[in-house]
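One structure below.
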Amino acid sequence: MNASAPKLDGTAWTMLVVLSVLWGGSFLYVKVALAELPPATVVALRAIFGGALLVLLARFRGLSFPRDPRTWGSFAVLALLNTVIPFTLIAWGQQEMTIGLAAILNAATPLSTLVLAHFLTDDEPLSGRRATGVLIGFAGVVLLVGPEALSGLGLALWAQLACVLATVSYGFALIW
């Protein structure tokens with residue numbers, strides 16, 4: 001282990017586990033909701049409830065919201081790139097594929113971001129080390145989800161392409 005790597009305390013580990021359950025569980029929750037609701041409704045409800053929770057947490061912590069239109073414009077772009085577009089593409093795609101395959105395809109987000117950052121920024125060049133790290137992380141997700149989830153790869157091509165395009169949208173959001 002690198003001596004300069006940050007050490008995680010109990011609170012950090014707890015937050016990491018909760019985040020993993022909520023983030024990873026979203027594929028299951030969306031798939032269950034899609035059995036009864038159309039993708040656009042699932043995405044809208046997810047965004048409304050998530051936004052309402054964030055507003056409540058901000059108010060509880062005494063945080064104020066910005067007042068200038070430029071900041072709200074940036075928030076709107078970020079909401080589109082990081083929520084509306086990818087959530088819609090993933091929900092639409094999940095109608096035609098397994099939860100595991102959707103999760104694996106979504107794990108390509110760091111790869112999309114790495115490539116986009118190389119071409120769209122001056123300070124994030126693509127390097128062998130970065131690419132290797134991203135590919136190791138992606139392989140780890142495949143192992144955790146189970147390689148058998150890849151058996152559906154190529155069967156519902158448009159749905160799978162939608163999930164990959166969602167990772168590109170996330171990549172643009174991360175650069176934004």
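By order in the structure tokens, chains are A, B, ...; within a chain, residues start at 1; ligands start at 1, following the order shown.
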Distance table requested - stretch 48-121 of chain A against stretch 159-171 of chain A, cut-off 6 Å, only C-alpha atoms: one row per qualifying residue with the closest atom pair and its distance in Å to one decimal, ordered by chain and rising residue number, as CSV.
residue,atom,partner,partner_atom,distance
A:Leu81,CA,A:Ser169,CA,5.3
A:Asn82,CA,A:Tyr170,CA,5.2
A:Pro86,CA,A:Ala166,CA,4.1
A:Leu89,CA,A:Ala162,CA,5.1
A:Ile90,CA,A:Cys163,CA,5.0
A:Gly93,CA,A:Ala159,CA,4.0
A:Asn106,CA,A:Thr167,CA,6.0
A:Thr109,CA,A:Thr167,CA,4.5
A:Ser112,CA,A:Val168,CA,5.4
A:Thr113,CA,A:Gly171,CA,4.1
DSSP helix (DSSP H, G or I) residues within stretch 25-98 of chain A, as an MDAnalysis selection string = chainID A and resid 25:34 39:60 69:94
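The nearest approach to A:Phe87 among the residues A:Trp158, A:Phe172, A:Phe27, A:Trp13, with only C-alpha atoms taken into account, belongs to A:Phe27.
Nearest residue to A:Ala108, choosing from A:Gly25, A:Gly137, A:Gly146, A:Gly50 and counting only C-alpha atoms: A:Gly137.
Nearest to A:Leu157 of all the residues A:Asp9, A:Glu96, A:Asp122, A:Asp68 is A:Glu96, based on only C-alpha atoms.
Every protein or nucleic acid residue with an atom no more than 10 Å from stretch 38-43 of chain A, counting only C-alpha atoms and leaving out same-chain residues fewer than 2 positions away, appears here: Tyr29, Val30, Lys31, Val32, Ala33, Leu34, Ala35, Glu36, Leu45, Arg46, Ala47, Ile48, Thr83, Val84, Ile85, Pro86, Phe87, Thr88, Leu89, Ile90, Ala91, Trp92, Gly93, Gln94 and Gln95 of chain A.
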Which of these, A:Leu155, A:Leu28, A:Gly62, A:Leu54, has the shortest distance to A:Ala103 once you count only C-alpha atoms?
-> A:Leu28
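The nearest approach to A:Gly152 among the residues A:Val77, A:Leu174, A:Leu57, A:Leu105, with only C-alpha atoms taken into account, belongs to A:Leu105.
What separates atom CA of A:Ile175 from atom CA of A:Ser74 is a distance of 12.3 Å.
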Correct to one decimal, the distance atom CA of A:Leu150-atom CA of A:Leu101 is 6.0 Å
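Taking atom CA of A:Gly128 and atom CA of A:Val142 as the two end points, the separation is 20.8 Å.
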